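Single-structure report; data block below.
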Amino acid sequence: MLRSRALLAAGRLGGRSILRRSTARIRQPGWRGYRLAASASRVSSSRSAPLAVRSSAQVSRAARGVQSEAPPVPKAETTLPGVKRGEKPAWTQGQSVGGFTVTKVTPVPELLATVFEFRHEATGATFVHTYRADTENAFAVAFRTPPTDSTGVAHVLEHTVLCGSEKYPVHSPFNAMLSRSLNTFMNAMTYSEFTMYPFATQNVQDYLNLLSVYLDAVFFPKLDRTDFLQEGHRLEFETIDDSKTPLGFKGVVYNEMKGAMSDPGALFSERLVRSLYDTPESPYHHNSGGDPEKILDLTYEQLVDFHRRHYHPSNCAFFSYGDLPPPLDAVEQHVLSRFSSVVDDDIDESNATRDIRDHVTHRVPRWTAPRVESVTGPVDPMIVDPNRQHKISLSFLCNQPHDKPLQMFGLNLLSFLLVDGPTSPMYQQLIESELGSDYAPATGFHGQWQESFLSIGLSGVHKDRVDEVSDRIMSTARSVMRKGFEDDRIEAAFHLCELTHKRVGAKYGIKLIEGMVPHFVHGSEVTTPLFVGEMIEQLQARLDAGSPYFQALLDRFVLQNKHRLQLTMAPDEEHAAKLLERERQRLQTVAAEVAKDPQRQQRIINDAQQVAMLAQRGVGANDPNIDMLPTLVVDDIDRQVRRSKFAPVRAMGNTKVYSLESPTNGVGIFHALIKVNDLPQFLRPYLPVFASVATDMGAGEMDYMKLAQRLDLHTGGIKAVVNVFNQYDAMDTYDQSIAFGGSALKHKVSYLLDLCAKIMTQPRIDDVRHLRNLLLQTFQDAGSAVTNASDSFAQMYAASTTSPGAAAREMYSGISSVRFLNSLITGVALGLDDVGDQDEEQVIQWAYLTSLNLVALAEHLFSNGVDRVMVVGDSETLDAFEKPLEGFLDVCQAYENTTVSTIAASVREGMYMHSGVGMDYDVDKNAEISHEEAMELHQKKQKDRETTKDLGGDQLAASMAPMDGNTAALMRAPPPSKRTFIALPVQVHNVAMVVPTVPLSHEDNAKLLVLSRMINSHLHSTVREQGGAYGVFAVQSQDTFNFTSFRDPHVERTIEAFRNVVHSAMPTLRRNFQMCRDEALLDIFGTSDAPQSPSQQGSHLFYRGISDDDRQAYRDRLFAVTLADIEYVADKYLSPEQLHRAHVAVLGDEHDIPQSVTRDEAWQVQDASGNVLTFES
């Protein structure tokens, strides 16, 4: 999978975020960081005795009553000589450890860690171990893999090396290990300059197992041509053995990148970087993930040669983290001992590695004058106004940051100061001024590359105002140069750095390694990103001495920088159609050549048959070599749940208080929950809107800028989230709530609770202009999410007709919520440009009415009172919460609607004062009228206005009217159909099928969960390997059984696979039940038992009311599942007849809607806005 090459945006240092993402909504490129998509639910080598692994040859054969023919495997060594788990090594610089020499030892007191760096004497390999008292141990191996073209060779290779190796000739060992392990993280990623293979686990045996598989996979892969055809690309006839049927391009990576490049933001970022780094010698000039059209040029021979040249120890680094000793002996004996400093007989290591390093560190020639370029891209399907589809940015190539870490840190902070949050100068001049709706993709500082860049831009710009953006950016920069930044803003930046640096969460080792790897790649100090505290002190000292440090950076890298690119992307409604036409023309050319060559026809048929046979033969337990893979066994799983360290729940007034002690490194975490089950129906669609804007609108005496400033100075931010959970023991009832939460350093938790109380009891919703801007930003983020996470939206839409709770979840979080935002934005967006006075009046009136609805919602929410709160921290931090918590609850419990009612009056007065709009009410502006009365008066008046029709009268009137239970009408969406195709301008499909089942408390829920994990390998074979989808999985959730595919070239074929998978998998499950069940349990508990970040801990009890006893009972049911149970639930809930009646939703290619969909009345086809499309038969 490709990992975003923008690891650093507006505040990331070496891969670790140092500044939070606030209202500025910094948008990052959704590309240049591709990860392997596992088909199972979590994505998320050795050759000698010292790295002993437990082979499933002993486990699964014995489980099936077959005597093991393999000799006993000794138990894996869990220590190195003289080093025990949890004991910090005492190695010193210059000491020899096996075949390695310690080159450096670096204590990192601010992280309670010590970093040991080693060099392997024979091969030159680098090994970096970070000792920290953390039981979640991590390991990774990384290779420099800079691309020289956009064929995606590094990306395809990343997929292909995980298709079997010398020691483990299993068809798909990566996918198989997901269910033979208790890993907490397991993946592979291709970046712009390197490829990384990381994993993490808490289990020692699991660590050794995964280490063995990973090392063998990357250094000694099979690299079969058939695997290349499956993962990369191939030609295939529609009927694979019939050369008279149409040809098509297939391949997992090919389809992945078609989906990735369908996103307007990803494409904009891709074009930006390609043009900024305009020399082909630069690795950043090329798409490391692969341009879909260029991927088809990649050959198998090029893939093999790329591995031979790049996957050598002299070109890699090994990283380990945690309380286990580094596996130096295993790496030495099972990998490095088989290499020398020579890549092969023809390539000397020193020359080969030097060439790769030179490529990575190539310096782009600097321009002598700024450049201006324009490109076209796909239309954003969720933006209604076609005139507001333009994106434009100014990007500045900066320095080589790894040579000057303090300068890189300073540029990170400069980016934050310029663009982050509503108080930033760029936000005020670009977004608050309504020049655009949100920042453009890639806005921020990108310092993880050899040559960094800073980008500032806008999305949602009107076509007639594009030329204003670059002038506004430069004039704002000049103004900042003259005035500098306010001290409070600089202090806030430092505070956020400190808070983020102290925050330690799950997968912490993976995050540290991810930040170190770029420094290895560029030949700089790998420990640089660990010393944020020291850099804060150095920079503060310069500022205290009077240095205009940030102005100097701004002048050098922005105002005086000639290497500046202005890039504009204009919408092209035919963008997807043009890509499709180019693909068809290429296929026609190839097909004409193939038609004349019977031998080539036969080769295509043979290739397709080999791919199909490989996939069919290698399904989980059916793989003849599956027993060669190491595995854990069920006995390795703890039978008992890890009980939360909650203090007894206590009451403070009417509020329940949950206290959870957890090591948080001096950071306090707070949650406050308000129930909304009695929320009036007509206000419910506004709930997620309110949650998205409430913490950014201002509170009490603070307008939105003052609130943002105080949040940055004293907290890590406060956010509101809407929650919908089915009750534990029922399908037809559910709980809705809105939760406010945030974090702060121990000595600032009083500020956190004070600000949270003001936001909850004194929300400032009367600033309708700022509200309008926030809605535009929220909508743009939501529209991007529809493109990038279409599988999730498809699943929610398919489930929405299965239960009331699922319908509510879809309304709040699915495509219906995006469509409702659309109905708001339609009225709001019309007033942003030169429109007639009458239209402007209508739009302002609409904005005030939206504000009134939010005021009514706030009145209802906060009059209910806070149902419960939770505080999380170490013992000292929990003590620091006590008094502030009393004050917070006193404020909330004394709430009497007075403040919000005052704001409501202010909103009504604003409506009255603006251009005579208040005259619509025929009442005095000081009259006391309720919200409902105001709405009724408006609706009556609106019926008499012809201008209503100009705005889409039915839509506007419906949106303003109190609802009588039909929220679908409010969202301009038809009632959900059991089979729905939602057409989008994308190049692939996302298919979801949902079957209603039973609630969590029902004994069959656990059986269905086990069954879902058992059939994932079969789905992986049919939908991913044979069908070419990027990802696919099945899972039993709260009360539904879900099938989902992601970036899938097929619809009908995938639906048919979903319908048949349980039936087709049953013979294998019966024949190998214990092995399959054990693998399913490992997969399930690998997810459920993974460490959680402090902010997530205790959520099962606090949000859902699921006690540890409930969790233990469910756990016991999982362990008790039998073959008879699997057969029973498969027949009862997932028979072929029931699956044919399942709920189906597809978010897919508008140019590739199957005829079986358009001609079947059971299907409903919608466009992005929810309009039902009809087709002639």
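Following the order of the structure tokens, first chain is A, next is B, and so on, with residues numbered from 1 inside each chain and ligands from 1 in the order they appear.
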For Lys1132 in chain A: contacts at 12 Å, only C-alpha atoms, fewer than 4 positions along chain excluded, given as a PyMOL selection string: chain A and resi 995-998+1004+1007-1008+1062+1125-1128+1136-1139
Would you save the residues from that selection as a PDB file, in the first residue's frame, using N, CA and C atoms?
ATOM      1  N   VAL A 995     -26.444  -8.196   5.789  1.00  0.00           N
ATOM      2  CA  VAL A 995     -27.518  -9.089   6.222  1.00  0.00           C
ATOM      3  C   VAL A 995     -27.814  -8.807   7.691  1.00  0.00           C
ATOM      4  N   PRO A 996     -29.046  -8.483   8.061  1.00  0.00           N
ATOM      5  CA  PRO A 996     -29.358  -8.299   9.486  1.00  0.00           C
ATOM      6  C   PRO A 996     -29.255  -9.615  10.235  1.00  0.00           C
ATOM      7  N   THR A 997     -28.681  -9.566  11.435  1.00  0.00           N
ATOM      8  CA  THR A 997     -28.502 -10.801  12.209  1.00  0.00           C
ATOM      9  C   THR A 997     -29.031 -10.624  13.634  1.00  0.00           C
ATOM     10  N   VAL A 998     -28.144 -10.580  14.621  1.00  0.00           N
ATOM     11  CA  VAL A 998     -28.568 -10.545  16.025  1.00  0.00           C
ATOM     12  C   VAL A 998     -27.697  -9.567  16.800  1.00  0.00           C
ATOM     13  N   ASP A1004     -25.542 -16.158  19.170  1.00  0.00           N
ATOM     14  CA  ASP A1004     -25.141 -16.385  17.780  1.00  0.00           C
ATOM     15  C   ASP A1004     -24.217 -15.297  17.246  1.00  0.00           C
ATOM     16  N   LYS A1007     -20.668 -16.504  17.241  1.00  0.00           N
ATOM     17  CA  LYS A1007     -20.481 -17.552  16.227  1.00  0.00           C
ATOM     18  C   LYS A1007     -20.358 -16.928  14.839  1.00  0.00           C
ATOM     19  N   LEU A1008     -21.171 -15.917  14.574  1.00  0.00           N
ATOM     20  CA  LEU A1008     -21.117 -15.248  13.284  1.00  0.00           C
ATOM     21  C   LEU A1008     -19.803 -14.485  13.111  1.00  0.00           C
ATOM     22  N   VAL A1062     -20.001 -18.372   1.532  1.00  0.00           N
ATOM     23  CA  VAL A1062     -20.223 -19.235   2.701  1.00  0.00           C
ATOM     24  C   VAL A1062     -20.433 -20.671   2.256  1.00  0.00           C
ATOM     25  N   ASP A1125     -21.875 -25.148  15.577  1.00  0.00           N
ATOM     26  CA  ASP A1125     -22.302 -23.747  15.684  1.00  0.00           C
ATOM     27  C   ASP A1125     -22.133 -23.019  14.351  1.00  0.00           C
ATOM     28  N   ILE A1126     -21.011 -23.233  13.701  1.00  0.00           N
ATOM     29  CA  ILE A1126     -20.739 -22.572  12.423  1.00  0.00           C
ATOM     30  C   ILE A1126     -21.748 -23.017  11.371  1.00  0.00           C
ATOM     31  N   GLU A1127     -22.008 -24.295  11.311  1.00  0.00           N
ATOM     32  CA  GLU A1127     -22.972 -24.812  10.343  1.00  0.00           C
ATOM     33  C   GLU A1127     -24.368 -24.259  10.634  1.00  0.00           C
ATOM     34  N   TYR A1128     -24.696 -24.145  11.913  1.00  0.00           N
ATOM     35  CA  TYR A1128     -26.024 -23.654  12.304  1.00  0.00           C
ATOM     36  C   TYR A1128     -26.222 -22.208  11.875  1.00  0.00           C
ATOM     37  N   PRO A1136     -27.899 -19.288   0.821  1.00  0.00           N
ATOM     38  CA  PRO A1136     -27.962 -18.620  -0.490  1.00  0.00           C
ATOM     39  C   PRO A1136     -29.258 -17.840  -0.688  1.00  0.00           C
ATOM     40  N   GLU A1137     -30.366 -18.387  -0.203  1.00  0.00           N
ATOM     41  CA  GLU A1137     -31.644 -17.683  -0.367  1.00  0.00           C
ATOM     42  C   GLU A1137     -31.643 -16.366   0.410  1.00  0.00           C
ATOM     43  N   GLN A1138     -31.111 -16.404   1.635  1.00  0.00           N
ATOM     44  CA  GLN A1138     -31.085 -15.178   2.432  1.00  0.00           C
ATOM     45  C   GLN A1138     -30.123 -14.146   1.852  1.00  0.00           C
ATOM     46  N   LEU A1139     -28.999 -14.612   1.324  1.00  0.00           N
ATOM     47  CA  LEU A1139     -28.031 -13.684   0.741  1.00  0.00           C
ATOM     48  C   LEU A1139     -28.558 -13.060  -0.544  1.00  0.00           C
TER      49      LEU A1139
END
Near-Phe1043 in chain A list (6 Å; only C-alpha atoms; drop same-chain fewer than 5 positions) as a VMD selection string: chain A and resid 992 to 993 1033 to 1034
Would you kindly return, as a PyMOL selection string, each protein, DNA or RNA residue with an atom no farther than 9 Å from any atom of range 755-763 of chain A, considering only C-alpha atoms and excluding same-chain residues fewer than 5 positions away? chain A and resi 672+694-695+697-701+707+710-711+718+740-742+750+855+858-859+861-863+887-889+891-892+895+897+899-900+903
Find, counting only C-alpha atoms, the residue in A:Leu499, A:Ala615, A:Leu554, A:Leu1011 that gets nearest to Val1023 in chain A.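 Nearest to Val1023 in chain A: A:Ala615.
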Among range 852-887 of chain A, which ones does DSSP assign to strand (DSSP E) (computed from the backbone)? Answer as number ranges by chain. A: 868-873
Writer output for current selection, N, CA, C and O atoms, as a tab-separated table (two decimals), in the first residue's frame:
chain	number	residue	atom	x	y	z
A	868	ARG	N	-22.91	11.85	31.81
A	868	ARG	CA	-21.73	11.26	32.44
A	868	ARG	C	-20.46	11.89	31.89
A	868	ARG	O	-20.45	12.42	30.78
A	869	VAL	N	-19.42	11.84	32.69
A	869	VAL	CA	-18.11	12.33	32.27
A	869	VAL	C	-17.07	11.26	32.59
A	869	VAL	O	-17.28	10.39	33.44
A	870	MET	N	-15.94	11.32	31.89
A	870	MET	CA	-14.84	10.41	32.16
A	870	MET	C	-13.53	11.20	32.13
A	870	MET	O	-13.31	12.03	31.24
A	871	VAL	N	-12.68	10.94	33.11
A	871	VAL	CA	-11.34	11.52	33.15
A	871	VAL	C	-10.33	10.38	33.12
A	871	VAL	O	-10.51	9.35	33.76
A	872	VAL	N	-9.26	10.59	32.34
A	872	VAL	CA	-8.23	9.57	32.17
A	872	VAL	C	-6.87	10.22	32.41
A	872	VAL	O	-6.60	11.32	31.90
A	873	GLY	N	-6.03	9.54	33.19
A	873	GLY	CA	-4.69	10.06	33.44
A	873	GLY	C	-3.98	9.24	34.49
A	873	GLY	O	-4.56	8.29	35.06
Which residue is closest to Leu1000 in chain A? Choose from A:Tyr728, A:Tyr734, A:Phe319, A:Tyr1030 and count only C-alpha atoms.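 Nearest to Leu1000 in chain A: A:Tyr728.
The closest residue to Asp729 in chain A, picked from A:His1002, A:Ile356, A:His159, A:Ala176 and counting only C-alpha atoms, is A:His1002.
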I need the residues in range 178-256 of chain A that are alpha helix (DSSP H) according to DSSP; give them as a PyMOL selection string. chain A and resi 178+204-219+225-231+252-256
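For Ser475 in chain A, the set of protein, DNA and RNA residues having any atom at most 12 Å away, when counting only C-alpha atoms and skipping those fewer than 4 positions along the same chain, is Pro425, Met426, Gln429, Leu430, Glu468, Val469, Ser470, Asp471, Ser479, Val480, Met481, Arg482, Val558 and Leu559 of chain A.
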May I have the residues within 9 Å of Tyr812 in chain A as a ChimeraX atom specification, using only C-alpha atoms and disregarding those fewer than 4 positions away in the same chain? /A:684-689,722-724,807-808,816-818
Please determine, counting only C-alpha atoms, which residue among A:Lys596, A:Gln540, A:Pro999, A:Thr631 has the shortest atom-to-atom distance to Thr733 in chain A.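 The answer is A:Pro999, which sits nearest to Thr733 in chain A.
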Excluding range 530-537 of chain A and any residue of its chain fewer than 5 positions from it, enumerate the residues within 12 Å of it, using only C-alpha atoms, and give them as a VMD selection string. chain A and resid 11 to 19 106 to 115 130 404 to 410 412 to 413 490 to 491 493 to 502 509 511 to 516 519 525 542 to 544
For Arg603 in chain A, find every residue with an atom within 12 Å (counting only C-alpha atoms), except residues of its own chain fewer than 2 positions away, and show them as a ChimeraX atom specification. /A:234-237,240-241,243,594,597-601,605-610
Based on the selection just made, write N, CA and C atoms of those residues as a PDB file, in the first residue's frame.
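Output file again-v2.pdb is given in full below:
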ATOM      1  N   ARG A 234      -2.072  -7.430 -15.911  1.00  0.00           N
ATOM      2  CA  ARG A 234      -2.118  -8.486 -16.920  1.00  0.00           C
ATOM      3  C   ARG A 234      -3.246  -8.184 -17.898  1.00  0.00           C
ATOM      4  N   LEU A 235      -3.205  -8.821 -19.023  1.00  0.00           N
ATOM      5  CA  LEU A 235      -4.324  -8.845 -19.958  1.00  0.00           C
ATOM      6  C   LEU A 235      -5.161 -10.073 -19.669  1.00  0.00           C
ATOM      7  N   GLU A 236      -6.490  -9.915 -19.770  1.00  0.00           N
ATOM      8  CA  GLU A 236      -7.355 -11.059 -19.500  1.00  0.00           C
ATOM      9  C   GLU A 236      -8.623 -10.926 -20.327  1.00  0.00           C
ATOM     10  N   PHE A 237      -9.039 -12.047 -20.925  1.00  0.00           N
ATOM     11  CA  PHE A 237     -10.311 -12.054 -21.649  1.00  0.00           C
ATOM     12  C   PHE A 237     -11.455 -12.070 -20.643  1.00  0.00           C
ATOM     13  N   ILE A 240     -12.149 -16.089 -19.327  1.00  0.00           N
ATOM     14  CA  ILE A 240     -10.691 -16.206 -19.349  1.00  0.00           C
ATOM     15  C   ILE A 240     -10.165 -17.209 -20.374  1.00  0.00           C
ATOM     16  N   ASP A 241     -10.984 -18.193 -20.768  1.00  0.00           N
ATOM     17  CA  ASP A 241     -10.493 -19.179 -21.729  1.00  0.00           C
ATOM     18  C   ASP A 241     -11.122 -19.000 -23.115  1.00  0.00           C
ATOM     19  N   SER A 243     -10.949 -16.487 -26.274  1.00  0.00           N
ATOM     20  CA  SER A 243     -10.265 -15.356 -26.892  1.00  0.00           C
ATOM     21  C   SER A 243     -11.193 -14.486 -27.722  1.00  0.00           C
ATOM     22  N   VAL A 594      -3.478  -8.721 -30.788  1.00  0.00           N
ATOM     23  CA  VAL A 594      -3.690 -10.066 -30.259  1.00  0.00           C
ATOM     24  C   VAL A 594      -4.510 -10.905 -31.228  1.00  0.00           C
ATOM     25  N   ASP A 597      -2.504 -12.841 -33.585  1.00  0.00           N
ATOM     26  CA  ASP A 597      -1.435 -13.675 -33.018  1.00  0.00           C
ATOM     27  C   ASP A 597      -2.025 -14.764 -32.125  1.00  0.00           C
ATOM     28  N   PRO A 598      -2.371 -15.936 -32.683  1.00  0.00           N
ATOM     29  CA  PRO A 598      -2.956 -17.020 -31.887  1.00  0.00           C
ATOM     30  C   PRO A 598      -2.077 -17.442 -30.707  1.00  0.00           C
ATOM     31  N   GLN A 599      -0.761 -17.393 -30.899  1.00  0.00           N
ATOM     32  CA  GLN A 599       0.122 -17.792 -29.803  1.00  0.00           C
ATOM     33  C   GLN A 599       0.000 -16.828 -28.621  1.00  0.00           C
ATOM     34  N   ARG A 600      -0.099 -15.542 -28.926  1.00  0.00           N
ATOM     35  CA  ARG A 600      -0.271 -14.576 -27.841  1.00  0.00           C
ATOM     36  C   ARG A 600      -1.625 -14.752 -27.170  1.00  0.00           C
ATOM     37  N   GLN A 601      -2.648 -15.050 -27.916  1.00  0.00           N
ATOM     38  CA  GLN A 601      -3.960 -15.334 -27.335  1.00  0.00           C
ATOM     39  C   GLN A 601      -3.856 -16.469 -26.327  1.00  0.00           C
ATOM     40  N   ILE A 605      -4.505 -16.537 -22.245  1.00  0.00           N
ATOM     41  CA  ILE A 605      -5.387 -17.512 -21.608  1.00  0.00           C
ATOM     42  C   ILE A 605      -4.625 -18.287 -20.535  1.00  0.00           C
ATOM     43  N   ASN A 606      -3.415 -18.723 -20.872  1.00  0.00           N
ATOM     44  CA  ASN A 606      -2.623 -19.484 -19.907  1.00  0.00           C
ATOM     45  C   ASN A 606      -2.319 -18.656 -18.661  1.00  0.00           C
ATOM     46  N   ASP A 607      -1.956 -17.383 -18.879  1.00  0.00           N
ATOM     47  CA  ASP A 607      -1.662 -16.510 -17.737  1.00  0.00           C
ATOM     48  C   ASP A 607      -2.879 -16.371 -16.829  1.00  0.00           C
ATOM     49  N   ALA A 608      -4.047 -16.122 -17.417  1.00  0.00           N
ATOM     50  CA  ALA A 608      -5.259 -15.953 -16.620  1.00  0.00           C
ATOM     51  C   ALA A 608      -5.600 -17.226 -15.868  1.00  0.00           C
ATOM     52  N   GLN A 609      -5.427 -18.356 -16.518  1.00  0.00           N
ATOM     53  CA  GLN A 609      -5.710 -19.632 -15.862  1.00  0.00           C
ATOM     54  C   GLN A 609      -4.733 -19.896 -14.719  1.00  0.00           C
ATOM     55  N   GLN A 610      -3.471 -19.505 -14.920  1.00  0.00           N
ATOM     56  CA  GLN A 610      -2.489 -19.685 -13.852  1.00  0.00           C
ATOM     57  C   GLN A 610      -2.842 -18.822 -12.636  1.00  0.00           C
TER      58      GLN A 610
END
Which is closest to Gly505 in chain A among A:Ala856, A:Val611, A:Leu1134, A:Val667, if we use only C-alpha atoms? A:Val667
Per-residue nearest contacts range 225-332 of chain A to range 364-369 of chain A, cut-off 9 Å, using only C-alpha atoms, as a Markdown table:
| residue | atom | partner | partner_atom | distance |
| --- | --- | --- | --- | --- |
| A:Tyr277 | CA | A:Val364 | CA | 6.4 |
| A:Asp278 | CA | A:Val364 | CA | 7.5 |
| A:Thr279 | CA | A:Val364 | CA | 6.6 |
| A:Glu281 | CA | A:Val364 | CA | 8.1 |
| A:Ser282 | CA | A:Val364 | CA | 6.7 |
Using only N, CA, C and O atoms, please write the residues we just selected to a file, as an mmCIF file, in the first residue's frame.
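Saved result, out.cif, follows:
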data_model
loop_
_atom_site.group_PDB
_atom_site.id
_atom_site.type_symbol
_atom_site.label_atom_id
_atom_site.label_comp_id
_atom_site.auth_asym_id
_atom_site.auth_seq_id
_atom_site.Cartn_x
_atom_site.Cartn_y
_atom_site.Cartn_z
ATOM 1 N N TYR A 277 9.196 19.474 -8.505
ATOM 2 C CA TYR A 277 10.449 18.734 -8.658
ATOM 3 C C TYR A 277 10.527 18.326 -10.133
ATOM 4 O O TYR A 277 10.225 17.191 -10.499
ATOM 5 N N ASP A 278 10.929 19.272 -10.972
ATOM 6 C CA ASP A 278 10.686 19.129 -12.405
ATOM 7 C C ASP A 278 11.790 18.405 -13.156
ATOM 8 O O ASP A 278 11.782 18.390 -14.380
ATOM 9 N N THR A 279 12.739 17.819 -12.486
ATOM 10 C CA THR A 279 13.787 17.079 -13.161
ATOM 11 C C THR A 279 13.561 15.581 -12.999
ATOM 12 O O THR A 279 13.295 15.112 -11.885
ATOM 13 N N GLU A 281 15.539 13.300 -12.750
ATOM 14 C CA GLU A 281 16.502 12.678 -11.828
ATOM 15 C C GLU A 281 16.011 12.680 -10.390
ATOM 16 O O GLU A 281 16.526 11.955 -9.554
ATOM 17 N N SER A 282 15.022 13.519 -10.090
ATOM 18 C CA SER A 282 14.484 13.567 -8.728
ATOM 19 C C SER A 282 13.456 12.464 -8.527
ATOM 20 O O SER A 282 12.553 12.296 -9.355
#
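With CA of Pro1091 in chain A on one side and CA of Lys507 in chain A on the other, the separation reads 7.7 Å.
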Between CA of Trp91 in chain A and CA of Asp216 in chain A, what is the distance, to one decimal in Å?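 Result for CA of Trp91 in chain A versus CA of Asp216 in chain A: 28.0 Å, one decimal.
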Could you check which of A:Thr299, A:Thr148, A:Ser269, A:Gln560 is closest to Ile456 in chain A, using only C-alpha atoms?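 Going through A:Thr299, A:Thr148, A:Ser269, A:Gln560 one by one, the smallest distance to Ile456 in chain A is for A:Ser269.
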